[in-house]
$ cat entry39.txt   # compact mmCIF, C-alpha atoms and all ligand atoms
# COMPACT_ATOMS: atom_id res chain seq x y z
CA MET A 1 0.00 0.00 0.00
CA GLY A 2 1.37 3.41 -0.87
CA GLN A 3 2.43 5.52 2.11
CA ASN A 4 2.14 8.81 0.28
CA LEU A 5 -0.85 10.67 -1.04
CA ARG A 6 -0.64 13.13 -3.87
CA PRO A 7 -2.04 16.51 -2.74
CA SER A 8 -5.56 17.46 -3.83
CA ASN A 9 -6.43 20.49 -5.93
CA LYS A 10 -4.50 23.49 -4.59
CA ASN A 11 -7.75 25.44 -4.26
CA LEU A 12 -8.55 23.19 -1.29
CA GLU A 13 -5.45 24.30 0.64
CA GLY A 14 -6.40 25.78 4.00
CA VAL A 15 -10.11 25.12 3.44
CA VAL A 16 -11.91 24.05 6.61
CA PRO A 17 -14.91 21.73 6.03
CA TYR A 18 -18.24 23.47 6.73
CA ASP A 19 -19.26 22.82 10.33
CA PRO A 20 -21.95 25.06 11.75
CA LYS A 21 -21.71 23.43 15.23
CA TYR A 22 -25.10 21.84 14.79
CA LEU A 23 -25.49 20.12 18.15
CA PRO A 24 -28.53 18.48 19.70
CA ALA A 25 -30.36 20.83 22.07
CA ARG A 26 -33.76 21.31 23.68
CA LEU A 27 -34.27 24.46 21.61
CA MET A 28 -32.82 24.29 18.09
CA LEU A 29 -32.59 27.95 17.12
CA SER A 30 -29.37 27.96 15.11
CA ALA A 31 -30.10 26.94 11.52
CA ASN A 32 -33.11 29.11 10.54
CA GLU A 33 -35.21 26.01 10.06
CA ASN A 34 -38.96 26.06 10.36
CA PRO A 35 -39.94 25.12 13.93
CA GLY A 36 -42.67 22.84 12.59
CA SER A 37 -42.50 19.94 10.15
CA LEU A 38 -44.90 19.60 7.19
CA PRO A 39 -48.55 20.43 7.98
CA PRO A 40 -50.44 17.14 8.64
CA ALA A 41 -52.47 17.30 5.42
CA VAL A 42 -49.31 17.72 3.34
CA ALA A 43 -47.44 15.02 5.26
CA GLY A 44 -50.36 12.58 4.84
CA SER A 45 -50.60 13.21 1.14
CA ALA A 46 -46.81 12.97 0.76
CA ILE A 47 -46.69 9.59 2.50
CA VAL A 48 -49.26 8.16 0.09
CA ALA A 49 -47.33 9.54 -2.88
CA LEU A 50 -43.99 8.27 -1.50
CA SER A 51 -45.36 4.75 -1.14
CA LYS A 52 -45.87 4.67 -4.92
CA VAL A 53 -42.38 5.81 -5.92
CA PRO A 54 -40.50 3.15 -7.92
CA MET A 55 -37.23 3.28 -6.00
CA ASN A 56 -35.46 0.92 -8.41
CA ARG A 57 -35.78 3.54 -11.16
CA TYR A 58 -33.69 6.65 -11.63
CA PRO A 59 -35.53 9.89 -10.94
CA ASP A 60 -36.49 12.28 -13.73
CA PRO A 61 -33.08 13.96 -14.10
CA LEU A 62 -34.58 17.36 -14.87
CA ALA A 63 -37.47 17.03 -12.38
CA ASN A 64 -39.82 18.39 -15.02
CA ASP A 65 -43.04 17.87 -13.02
CA VAL A 66 -41.61 19.93 -10.17
CA ARG A 67 -40.31 22.55 -12.61
CA ASP A 68 -43.77 22.85 -14.16
CA LEU A 69 -45.43 23.37 -10.78
CA ILE A 70 -42.88 26.04 -9.84
CA ALA A 71 -43.14 27.76 -13.23
CA GLN A 72 -46.91 27.88 -12.96
CA GLN A 73 -46.71 29.58 -9.60
CA TYR A 74 -44.59 32.43 -10.96
CA GLY A 75 -46.20 32.71 -14.39
CA LEU A 76 -42.94 31.50 -15.96
CA ALA A 77 -42.10 28.54 -18.23
CA ARG A 78 -40.35 25.26 -17.37
CA GLU A 79 -37.27 26.63 -19.19
CA ASN A 80 -37.01 29.38 -16.56
CA VAL A 81 -36.66 26.91 -13.68
CA MET A 82 -33.94 24.61 -12.41
CA VAL A 83 -34.13 22.51 -9.25
CA GLY A 84 -31.23 21.38 -7.11
CA ASN A 85 -30.34 19.30 -4.07
CA GLY A 86 -31.03 22.28 -1.83
CA GLY A 87 -30.24 25.84 -2.83
CA ASP A 88 -26.67 25.07 -1.83
CA GLU A 89 -26.12 22.81 -4.83
CA LEU A 90 -27.35 25.53 -7.18
CA LEU A 91 -24.99 28.05 -5.55
CA PHE A 92 -22.11 25.69 -6.28
CA ASN A 93 -23.25 25.18 -9.86
CA ILE A 94 -23.29 28.96 -10.35
CA ALA A 95 -19.82 29.29 -8.81
CA PHE A 96 -18.53 26.61 -11.18
CA ALA A 97 -20.26 27.87 -14.31
CA TRP A 98 -19.57 31.61 -13.86
CA GLY A 99 -16.34 31.42 -11.85
CA GLY A 100 -12.96 29.77 -12.35
CA PRO A 101 -9.33 30.87 -12.61
CA GLY A 102 -8.98 34.34 -14.07
CA ARG A 103 -12.57 35.22 -13.26
CA ILE A 104 -13.89 37.54 -10.55
CA MET A 105 -16.74 37.25 -8.06
CA LEU A 106 -17.88 40.24 -6.02
CA ASP A 107 -18.88 39.54 -2.42
CA CYS A 108 -20.61 41.85 0.05
CA PRO A 109 -19.86 40.60 3.58
CA PRO A 110 -21.20 40.10 6.13
CA THR A 111 -23.30 37.66 4.12
CA PHE A 112 -23.74 33.91 3.54
CA SER A 113 -20.15 32.58 3.69
CA VAL A 114 -20.92 29.82 1.17
CA TYR A 115 -20.62 32.30 -1.75
CA ALA A 116 -16.97 33.11 -1.01
CA SER A 117 -15.99 29.55 -0.12
CA ASN A 118 -17.51 28.17 -3.35
CA ALA A 119 -15.62 30.82 -5.30
CA ARG A 120 -12.33 29.86 -3.65
CA LEU A 121 -12.92 26.16 -4.41
CA CYS A 122 -13.33 27.07 -8.06
CA GLY A 123 -10.19 29.20 -8.12
CA THR A 124 -12.20 32.40 -8.64
CA THR A 125 -10.82 35.72 -7.42
CA VAL A 126 -13.03 37.13 -4.66
CA LEU A 127 -13.34 40.89 -4.42
CA ASN A 128 -15.04 42.35 -1.33
CA ILE A 129 -17.16 45.45 -0.99
CA ASN A 130 -18.26 45.30 2.63
CA ARG A 131 -21.66 46.25 3.93
CA GLU A 132 -21.59 49.33 6.16
CA LEU A 133 -22.79 49.12 9.74
CA LYS A 134 -25.35 51.84 10.39
CA SER A 135 -25.46 52.96 14.00
CA LEU A 136 -28.83 52.29 15.55
CA GLU A 137 -30.11 53.89 18.67
CA GLN A 138 -30.38 51.38 21.46
CA GLY A 139 -33.93 50.14 21.70
CA THR A 140 -35.18 51.82 18.53
CA ALA A 141 -37.31 49.17 16.94
CA LEU A 142 -37.76 49.29 13.18
CA PRO A 143 -41.22 47.90 12.58
CA SER A 144 -42.14 45.71 9.63
CA SER A 145 -43.97 48.61 8.06
CA SER A 146 -40.64 50.35 7.52
CA ALA A 147 -39.33 47.22 5.81
CA GLN A 148 -42.35 47.43 3.53
CA GLN A 149 -41.57 51.05 2.68
CA ALA A 150 -37.94 50.21 2.05
CA ALA A 151 -38.86 47.38 -0.30
CA GLU A 152 -40.97 49.73 -2.35
CA SER A 153 -38.60 52.66 -2.32
CA SER A 154 -35.05 52.78 -3.60
CA SER A 155 -33.35 52.35 -0.24
CA GLY A 156 -32.71 49.07 1.50
CA TYR A 157 -33.76 48.08 5.01
CA GLY A 158 -31.61 47.05 7.94
CA ALA A 159 -28.48 47.88 9.90
CA PHE A 160 -25.89 46.47 7.47
CA PRO A 161 -26.85 48.14 4.17
CA LEU A 162 -25.01 47.38 0.95
CA ASN A 163 -22.56 50.02 -0.17
CA GLU A 164 -24.76 50.54 -3.21
CA GLU A 165 -22.78 53.23 -4.99
CA ALA A 166 -19.47 51.38 -4.59
CA VAL A 167 -21.01 48.13 -5.86
CA LEU A 168 -22.61 49.84 -8.87
CA GLU A 169 -19.43 51.67 -9.75
CA ARG A 170 -17.29 48.52 -9.51
CA VAL A 171 -19.72 46.40 -11.52
CA ALA A 172 -19.96 49.10 -14.19
CA GLN A 173 -16.23 48.61 -14.86
CA GLY A 174 -17.34 45.43 -16.63
CA ASP A 175 -14.91 42.79 -15.31
CA ILE A 176 -17.01 41.17 -12.56
CA ASP A 177 -18.22 37.76 -13.77
CA TYR A 178 -20.92 37.24 -11.15
CA LEU A 179 -22.07 38.33 -7.73
CA THR A 180 -24.65 37.18 -5.23
CA ILE A 181 -26.84 39.53 -3.21
CA CYS A 182 -28.58 37.79 -0.34
CA SER A 183 -31.92 39.47 0.38
CA PRO A 184 -33.09 39.12 3.12
CA ASN A 185 -29.40 38.82 4.00
CA ASN A 186 -28.13 35.96 6.14
CA PRO A 187 -26.94 36.59 8.87
CA THR A 188 -27.85 40.29 9.20
CA GLY A 189 -31.51 40.30 8.10
CA ASP A 190 -31.12 43.29 5.74
CA LEU A 191 -33.31 43.65 2.69
CA ALA A 192 -31.95 45.01 -0.62
CA SER A 193 -34.26 47.33 -2.52
CA VAL A 194 -35.73 46.19 -5.82
CA GLY A 195 -34.66 49.53 -7.30
CA PHE A 196 -31.01 48.87 -6.46
CA ILE A 197 -31.08 45.38 -8.00
CA GLU A 198 -32.56 46.85 -11.16
CA ARG A 199 -29.77 49.45 -11.39
CA LEU A 200 -27.24 46.66 -10.81
CA LEU A 201 -28.71 44.58 -13.63
CA ASP A 202 -28.49 47.55 -15.96
CA ALA A 203 -24.92 48.43 -14.94
CA SER A 204 -23.28 45.61 -16.94
CA ASP A 205 -23.68 42.03 -18.19
CA THR A 206 -22.48 40.59 -14.83
CA LEU A 207 -24.61 37.65 -13.70
CA VAL A 208 -26.51 38.96 -10.68
CA VAL A 209 -27.74 36.19 -8.39
CA VAL A 210 -30.29 37.26 -5.79
CA ASP A 211 -30.52 34.71 -3.00
CA GLU A 212 -34.12 34.89 -1.76
CA ALA A 213 -33.94 31.89 0.60
CA TYR A 214 -35.89 33.93 3.20
CA GLU A 215 -38.16 35.93 0.88
CA GLU A 216 -41.37 34.39 2.30
CA PHE A 217 -40.67 36.25 5.57
CA ALA A 218 -40.03 39.60 3.89
CA PRO A 219 -42.63 42.24 3.05
CA ALA A 220 -44.71 41.91 -0.10
CA ALA A 221 -43.20 43.39 -3.26
CA SER A 222 -39.60 42.88 -2.10
CA SER A 223 -38.90 39.96 -4.46
CA VAL A 224 -36.99 40.62 -7.67
CA VAL A 225 -38.59 37.68 -9.54
CA PRO A 226 -40.68 40.10 -11.70
CA LEU A 227 -37.42 41.55 -13.06
CA ILE A 228 -36.52 38.24 -14.76
CA GLU A 229 -38.77 39.03 -17.69
CA LYS A 230 -36.65 42.02 -18.71
CA HIS A 231 -33.18 41.04 -17.50
CA LYS A 232 -31.10 38.25 -19.01
CA ASN A 233 -28.40 38.57 -16.34
CA LEU A 234 -30.62 37.88 -13.31
CA ALA A 235 -30.99 34.58 -11.43
CA VAL A 236 -33.13 34.25 -8.30
CA LEU A 237 -32.54 31.47 -5.77
CA ARG A 238 -35.35 30.05 -3.64
CA THR A 239 -35.56 27.06 -1.31
CA LEU A 240 -38.09 24.82 0.39
CA SER A 241 -35.78 24.56 3.42
CA LYS A 242 -37.03 27.55 5.39
CA ALA A 243 -40.67 28.68 5.00
CA TYR A 244 -41.67 25.26 3.63
CA SER A 245 -40.29 23.10 6.44
CA MET A 246 -38.18 20.90 4.15
CA ALA A 247 -34.56 21.45 5.26
CA GLY A 248 -34.20 17.69 5.70
CA VAL A 249 -35.51 16.85 2.22
CA ARG A 250 -33.14 19.11 0.19
CA LEU A 251 -34.86 20.97 -2.57
CA GLY A 252 -34.00 24.41 -3.86
CA TYR A 253 -34.68 26.11 -7.18
CA LEU A 254 -33.42 28.84 -9.39
CA LEU A 255 -35.49 31.15 -11.58
CA ALA A 256 -33.81 32.81 -14.56
CA ASN A 257 -33.92 33.17 -18.30
CA PRO A 258 -33.24 30.00 -20.33
CA GLU A 259 -29.77 31.28 -21.34
CA VAL A 260 -28.68 31.00 -17.68
CA ILE A 261 -30.51 27.76 -16.95
CA ILE A 262 -28.96 25.99 -19.95
CA GLU A 263 -25.42 26.83 -18.80
CA LEU A 264 -26.15 25.54 -15.31
CA GLN A 265 -27.66 22.35 -16.67
CA LYS A 266 -24.30 21.60 -18.27
CA VAL A 267 -22.79 21.56 -14.77
CA ARG A 268 -25.40 19.96 -12.59
CA GLN A 269 -25.26 16.39 -11.34
CA PRO A 270 -27.95 14.59 -13.39
CA TYR A 271 -29.64 12.75 -10.51
CA SER A 272 -28.94 15.08 -7.59
CA VAL A 273 -32.64 15.60 -6.86
CA ASP A 274 -33.85 12.12 -5.96
CA SER A 275 -37.33 10.83 -6.66
CA LEU A 276 -38.36 10.99 -2.98
CA SER A 277 -37.50 14.70 -2.78
CA GLN A 278 -39.27 15.38 -6.08
CA THR A 279 -42.37 13.60 -4.79
CA VAL A 280 -42.53 15.52 -1.50
CA ALA A 281 -41.82 18.82 -3.28
CA LYS A 282 -44.78 18.26 -5.62
CA GLU A 283 -47.08 17.87 -2.59
CA VAL A 284 -45.71 21.05 -1.03
CA PHE A 285 -46.44 23.05 -4.17
CA LYS A 286 -49.94 21.59 -4.41
CA PHE A 287 -50.75 22.62 -0.84
CA GLN A 288 -48.78 25.82 -0.60
CA GLU A 289 -51.52 27.85 1.09
CA LEU A 290 -51.34 25.50 4.10
CA PHE A 291 -47.98 27.03 5.02
CA GLU A 292 -49.21 30.62 5.11
CA ALA A 293 -50.53 30.70 8.68
CA ARG A 294 -47.22 29.53 10.10
CA THR A 295 -45.22 32.00 8.04
CA THR A 296 -47.47 34.80 9.31
CA MET A 297 -46.93 33.60 12.88
CA LEU A 298 -43.14 33.55 12.40
CA ILE A 299 -43.17 37.08 10.99
CA SER A 300 -45.08 38.44 13.96
CA GLU A 301 -42.89 36.47 16.36
CA ARG A 302 -39.80 37.92 14.70
CA ASP A 303 -41.07 41.44 15.30
CA ARG A 304 -41.97 40.58 18.90
CA VAL A 305 -38.55 38.96 19.60
CA TYR A 306 -36.83 41.95 18.01
CA GLU A 307 -38.62 44.36 20.32
CA ALA A 308 -37.95 42.15 23.35
CA LEU A 309 -34.24 41.84 22.52
CA SER A 310 -33.99 45.59 21.92
CA ALA A 311 -35.58 46.20 25.31
CA LEU A 312 -32.98 44.04 27.11
CA ASP A 313 -30.28 46.06 28.84
CA GLY A 314 -26.94 45.66 27.05
CA VAL A 315 -28.27 43.97 23.93
CA GLN A 316 -28.11 45.48 20.46
CA ALA A 317 -30.52 43.70 18.14
CA TYR A 318 -30.41 44.29 14.38
CA PRO A 319 -33.67 44.64 12.44
CA SER A 320 -34.50 41.66 10.24
CA ALA A 321 -36.78 40.86 7.31
CA ALA A 322 -36.15 37.10 7.73
CA ASN A 323 -36.91 34.37 10.31
CA PHE A 324 -33.80 35.10 12.40
CA ILE A 325 -32.26 38.01 14.27
CA LEU A 326 -28.60 38.96 14.64
CA PHE A 327 -27.83 40.48 18.03
CA LYS A 328 -24.89 41.65 20.09
CA PRO A 329 -24.61 41.20 23.85
CA GLU A 330 -22.67 44.43 24.31
CA GLY A 331 -21.39 44.09 27.83
CA ALA A 332 -20.55 40.38 27.59
CA ASP A 333 -18.39 38.03 25.54
CA ALA A 334 -20.67 36.53 22.88
CA ALA A 335 -18.83 33.18 22.77
CA GLU A 336 -19.38 32.83 26.52
CA VAL A 337 -23.02 33.78 26.18
CA TRP A 338 -23.34 31.19 23.39
CA GLN A 339 -21.90 28.51 25.72
CA LYS A 340 -24.17 29.47 28.61
CA LEU A 341 -27.21 29.41 26.33
CA TYR A 342 -26.17 25.99 25.07
CA ASP A 343 -25.61 24.71 28.61
CA ALA A 344 -29.17 25.82 29.32
CA GLY A 345 -30.43 23.83 26.31
CA VAL A 346 -30.67 26.70 23.79
CA LEU A 347 -28.67 26.38 20.56
CA VAL A 348 -28.13 29.63 18.65
CA ARG A 349 -25.49 30.39 16.00
CA ASP A 350 -22.21 31.99 17.05
CA PHE A 351 -20.96 34.60 14.55
CA SER A 352 -18.59 36.26 17.00
CA ALA A 353 -15.44 34.90 15.35
CA SER A 354 -16.22 36.63 12.04
CA ILE A 355 -14.46 39.98 11.58
CA TYR A 356 -17.64 41.29 9.95
CA THR A 357 -19.96 40.49 12.85
CA PRO A 358 -17.80 40.86 15.98
CA ASN A 359 -19.37 39.63 19.22
CA CYS A 360 -22.63 38.76 17.43
CA LEU A 361 -24.98 35.80 17.81
CA ARG A 362 -27.91 34.85 15.58
CA VAL A 363 -31.14 33.37 16.84
CA SER A 364 -33.73 31.66 14.61
CA ILE A 365 -37.38 32.39 15.30
CA GLY A 366 -39.41 29.52 16.74
CA ILE A 367 -42.92 29.13 18.05
CA PRO A 368 -43.94 31.60 20.82
CA GLU A 369 -43.05 29.30 23.75
CA GLN A 370 -39.59 28.60 22.30
CA ASN A 371 -38.95 32.31 21.79
CA ASP A 372 -40.11 33.09 25.33
CA SER A 373 -37.81 30.42 26.69
CA PHE A 374 -34.86 31.80 24.68
CA LEU A 375 -35.55 35.38 25.82
CA ALA A 376 -35.88 34.39 29.50
CA THR A 377 -32.68 32.30 29.37
CA LEU A 378 -30.73 35.09 27.70
CA ALA A 379 -32.02 37.68 30.18
CA SER A 380 -30.98 35.58 33.16
CA ILE A 381 -27.50 34.92 31.67
CA LEU A 382 -26.93 38.64 31.12
CA GLU A 383 -28.15 39.51 34.63
CA GLU A 384 -25.64 37.10 36.21
CA ASP A 385 -22.71 38.82 34.50
C1 LIG B 401 -30.60 28.23 3.92
C2 LIG B 401 -29.98 29.06 2.85
C3 LIG B 401 -29.91 28.66 1.50
C4 LIG B 401 -30.36 27.35 0.93
O1 LIG B 401 -30.36 26.30 1.76
P1 LIG B 401 -30.73 24.85 1.19
O2 LIG B 401 -31.16 24.13 2.41
O3 LIG B 401 -29.48 24.31 0.58
O4 LIG B 401 -31.82 25.02 0.19
C5 LIG B 401 -29.39 29.52 0.58
N1 LIG B 401 -28.95 30.72 0.93
C6 LIG B 401 -29.00 31.15 2.19
C7 LIG B 401 -28.53 32.50 2.50
C8 LIG B 401 -29.49 30.33 3.20
O5 LIG B 401 -29.48 30.77 4.45
$ encode --input "entry39.txt" --output "structure tokens"
Amino acid sequence: MGQNLRPSNKNLEGVVPYDPKYLPARLMLSANENPGSLPPAVAGSAIVALSKVPMNRYPDPLANDVRDLIAQQYGLARENVMVGNGGDELLFNIAFAWGGPGRIMLDCPPTFSVYASNARLCGTTVLNINRELKSLEQGTALPSSSAQQAAESSSGYGAFPLNEEAVLERVAQGDIDYLTICSPNNPTGDLASVGFIERLLDASDTLVVVDEAYEEFAPAASSVVPLIEKHKNLAVLRTLSKAYSMAGVRLGYLLANPEVIIELQKVRQPYSVDSLSQTVAKEVFKFQELFEARTTMLISERDRVYEALSALDGVQAYPSAANFILFKPEGADAAEVWQKLYDAGVLVRDFSASIYTPNCLRVSIGIPEQNDSFLATLASILEED
């Protein structure tokens, strides 16, 4: 047996495998999952459909039935839709198809770290234009109605706004191959304005990916899907993992013009979306209205948790248009607070090691009792200190 191993691709040097510290806990508030599984009617119907799946056969490689259901919902055609093994697979496909050595991706941190790590794996040059932290007055709650106004106007919403002018100017130089704007942005909760995305699309031929994984929690009219009709360089990412309770099933989709979809289909793994996932996804799209009540509950809980966090002494909470809230325990060490929360059975996500979100934690919104329990635990930890 050989005692030596040839090194892997040099792009992998120094890469640390993705590990979000997803540990078992009484309260799982770290991964922005839906606190509830599929509504009973959907689950029942899915189980019947699953029992009929011929598991000895390969799935439909293009998942055309699912694509048709999605297309119908947006008034688009099958050719405008591509499904993937979670949105994450589609993000990698984009990074592969539009990146590579000698190509440039623009990143706007703090944002979803997967964009930059995919780019590095593909040997793409990553150029950063950081979001700017707006100072917020302690305890000043930004209600959802102001998110609504922001979505409709030309300014964004949130405490970590994009440096819009710098991004537009850089993209207009014409050498950026692609960029991803996360809106609502993970982990900060900011919402980009539709007006800004439109200016960005017009600034050059750069592929603009808008990651709308949390769009169902954002105000109406904040989605950029309607811009697809007039913009060849736009791709919008959606997922069933958050508002549709399917993080465990793995199904995400991309909406774009056929020119983009065809390129990505050259890259995608033919059978990445298995027949079980396709079957459950079809049921979800048939019964979509059954998810609305829970989404509405999560939105109102988010606003309530935001106000409660803002009212806590020594906590800076950042306004969010998603189903999570980034917050900073100002007088305490966030990593220690994370540990004490975990010891008390509450798992949140620790972002304190990131230079872009120093001393910050992110909590996902659960059902009211879970949120109450989180708030009470946090308050007692901060009082001890
Ligand atoms: C959760 C998430 C996704 C997609 O997740 P999948 O489970 O792979 O569909 C994409 N982008 C962001 C920012 C997310 O938080």
$ atom_distance --input "entry39.txt" --atom1 "CA of Ala71 in chain A" --atom2 "CA of Val225 in chain A"
11.5 Å
$ closest_residue --input "entry39.txt" --among "A:Tyr271, A:Tyr22, A:Phe96, A:Tyr253" --to "Asp60 in chain A" --atoms "all atoms listed in the file"
A:Tyr271
$ closest_residue --input "entry39.txt" --among "A:Arg103, A:Arg250, A:Lys52, A:Arg26" --to "ligand LIG 401 (chain B)" --atoms "only C-alpha atoms and all ligand atoms"
A:Arg250
$ residues_around --input "entry39.txt" --residues "range 345-352 of chain A" --least-positions-apart "6" --cutoff "7 Å" --atoms "only C-alpha atoms" --output "MDAnalysis selection string"
chainID A and resid 25:30 334:335 338 358:363 374
$ closest_residue --input "entry39.txt" --among "A:Asn163, A:Thr124, A:Ala218, A:Leu106" --to "Thr180 in chain A" --atoms "all atoms listed in the file"
A:Leu106
$ residues_near_ligand --input "entry39.txt" --ligand "ligand LIG 401 (chain B)" --cutoff "9 Å" --atoms "all atoms listed in the file" --output "ChimeraX atom specification"
/A:31-33,84-91,111-115,182-187,211-214,237-242,246-253
$ atom_distance --input "entry39.txt" --atom1 "CA of Glu13 in chain A" --atom2 "CA of Thr357 in chain A"
24.9 Å
$ atom_distance --input "entry39.txt" --atom1 "CA of Ser51 in chain A" --atom2 "CA of Ile70 in chain A"
23.1 Å
$ residues_around --input "entry39.txt" --residues "Pro39 in chain A" --least-positions-apart "6" --cutoff "9 Å" --atoms "all atoms listed in the file" --output "number ranges by chain"
A: 245, 290-291
$ residues_around --input "entry39.txt" --residues "Gly102 in chain A" --least-positions-apart "5" --cutoff "12 Å" --atoms "all atoms listed in the file" --output "list in words"
Ala119, Arg120, Cys122, Gly123, Thr124, Thr125, Val126, Asp175, Ile176 and Asp177 of chain A
$ write_last_selection --input "entry39.txt" --atoms "C-alpha atoms" --output "PDB file, keeping the file's coordinate frame"
ATOM      1  CA  ALA A 119     -15.620  30.820  -5.300  1.00  0.00           C
ATOM      2  CA  ARG A 120     -12.330  29.860  -3.650  1.00  0.00           C
ATOM      3  CA  CYS A 122     -13.330  27.070  -8.060  1.00  0.00           C
ATOM      4  CA  GLY A 123     -10.190  29.200  -8.120  1.00  0.00           C
ATOM      5  CA  THR A 124     -12.200  32.400  -8.640  1.00  0.00           C
ATOM      6  CA  THR A 125     -10.820  35.720  -7.420  1.00  0.00           C
ATOM      7  CA  VAL A 126     -13.030  37.130  -4.660  1.00  0.00           C
ATOM      8  CA  ASP A 175     -14.910  42.790 -15.310  1.00  0.00           C
ATOM      9  CA  ILE A 176     -17.010  41.170 -12.560  1.00  0.00           C
ATOM     10  CA  ASP A 177     -18.220  37.760 -13.770  1.00  0.00           C
TER      11      ASP A 177
END
$ residues_around --input "entry39.txt" --residues "range 280-284 of chain A" --least-positions-apart "4" --cutoff "7 Å" --atoms "all atoms listed in the file" --output "list in words"
Val42, Ser45, Ala46, Val66, Leu276 and Gln288 of chain A
$ closest_residue --input "entry39.txt" --among "A:Ala344, A:Ile129, A:Leu375, A:Val273" --to "Pro59 in chain A" --atoms "all atoms listed in the file"
A:Val273
$ closest_residue --input "entry39.txt" --among "A:Tyr58, A:Tyr74, A:Phe92, A:Tyr356" --to "Val267 in chain A" --atoms "all atoms listed in the file"
A:Phe92
$ closest_residue --input "entry39.txt" --among "A:Asn34, A:Ser8, A:Ser272, A:Ser380" --to "Phe217 in chain A" --atoms "only C-alpha atoms"
A:Asn34
$ residues_around --input "entry39.txt" --residues "Glu132 in chain A" --least-positions-apart "2" --cutoff "10 Å" --atoms "only C-alpha atoms" --output "ChimeraX atom specification"
/A:108-110,129-130,134-135,159-164,356
$ write_last_selection --input "entry39.txt" --atoms "C-alpha atoms" --output "compact mmCIF listing (two decimals), in the coordinates of the input"
# COMPACT_ATOMS: atom_id res chain seq x y z
CA CYS A 108 -20.61 41.85 0.05
CA PRO A 109 -19.86 40.60 3.58
CA PRO A 110 -21.20 40.10 6.13
CA ILE A 129 -17.16 45.45 -0.99
CA ASN A 130 -18.26 45.30 2.63
CA LYS A 134 -25.35 51.84 10.39
CA SER A 135 -25.46 52.96 14.00
CA ALA A 159 -28.48 47.88 9.90
CA PHE A 160 -25.89 46.47 7.47
CA PRO A 161 -26.85 48.14 4.17
CA LEU A 162 -25.01 47.38 0.95
CA ASN A 163 -22.56 50.02 -0.17
CA GLU A 164 -24.76 50.54 -3.21
CA TYR A 356 -17.64 41.29 9.95
$ build_atoms --input "entry39.txt" --residues "range 231-241 of chain A" --atoms "N, CA, C and O atoms" --output "mmCIF file, keeping the file's coordinate frame"
data_model
loop_
_atom_site.group_PDB
_atom_site.id
_atom_site.type_symbol
_atom_site.label_atom_id
_atom_site.label_comp_id
_atom_site.auth_asym_id
_atom_site.auth_seq_id
_atom_site.Cartn_x
_atom_site.Cartn_y
_atom_site.Cartn_z
ATOM 1 N N HIS A 231 -34.626 41.026 -17.748
ATOM 2 C CA HIS A 231 -33.180 41.040 -17.500
ATOM 3 C C HIS A 231 -32.558 39.653 -17.660
ATOM 4 O O HIS A 231 -32.787 38.777 -16.846
ATOM 5 N N LYS A 232 -31.748 39.522 -18.710
ATOM 6 C CA LYS A 232 -31.100 38.250 -19.010
ATOM 7 C C LYS A 232 -30.063 37.856 -17.973
ATOM 8 O O LYS A 232 -29.708 36.696 -17.856
ATOM 9 N N ASN A 233 -29.511 38.855 -17.260
ATOM 10 C CA ASN A 233 -28.400 38.570 -16.340
ATOM 11 C C ASN A 233 -28.834 38.408 -14.885
ATOM 12 O O ASN A 233 -28.043 38.575 -13.971
ATOM 13 N N LEU A 234 -30.127 38.081 -14.678
ATOM 14 C CA LEU A 234 -30.620 37.880 -13.310
ATOM 15 C C LEU A 234 -30.955 36.411 -13.059
ATOM 16 O O LEU A 234 -31.534 35.733 -13.906
ATOM 17 N N ALA A 235 -30.565 35.909 -11.890
ATOM 18 C CA ALA A 235 -30.990 34.580 -11.430
ATOM 19 C C ALA A 235 -31.436 34.716 -9.985
ATOM 20 O O ALA A 235 -30.769 35.374 -9.186
ATOM 21 N N VAL A 236 -32.580 34.135 -9.658
ATOM 22 C CA VAL A 236 -33.130 34.250 -8.300
ATOM 23 C C VAL A 236 -33.175 32.863 -7.663
ATOM 24 O O VAL A 236 -33.739 31.921 -8.230
ATOM 25 N N LEU A 237 -32.585 32.755 -6.478
ATOM 26 C CA LEU A 237 -32.540 31.470 -5.770
ATOM 27 C C LEU A 237 -33.643 31.417 -4.714
ATOM 28 O O LEU A 237 -33.851 32.382 -3.965
ATOM 29 N N ARG A 238 -34.335 30.292 -4.668
ATOM 30 C CA ARG A 238 -35.350 30.050 -3.640
ATOM 31 C C ARG A 238 -35.124 28.654 -3.057
ATOM 32 O O ARG A 238 -34.450 27.818 -3.662
ATOM 33 N N THR A 239 -35.728 28.371 -1.926
ATOM 34 C CA THR A 239 -35.560 27.060 -1.310
ATOM 35 C C THR A 239 -36.822 26.635 -0.573
ATOM 36 O O THR A 239 -37.613 27.488 -0.160
ATOM 37 N N LEU A 240 -36.998 25.339 -0.430
ATOM 38 C CA LEU A 240 -38.090 24.820 0.390
ATOM 39 C C LEU A 240 -37.617 24.570 1.829
ATOM 40 O O LEU A 240 -38.353 24.065 2.659
ATOM 41 N N SER A 241 -36.354 24.907 2.117
ATOM 42 C CA SER A 241 -35.780 24.560 3.420
ATOM 43 C C SER A 241 -36.255 25.441 4.573
ATOM 44 O O SER A 241 -36.127 25.047 5.728
#
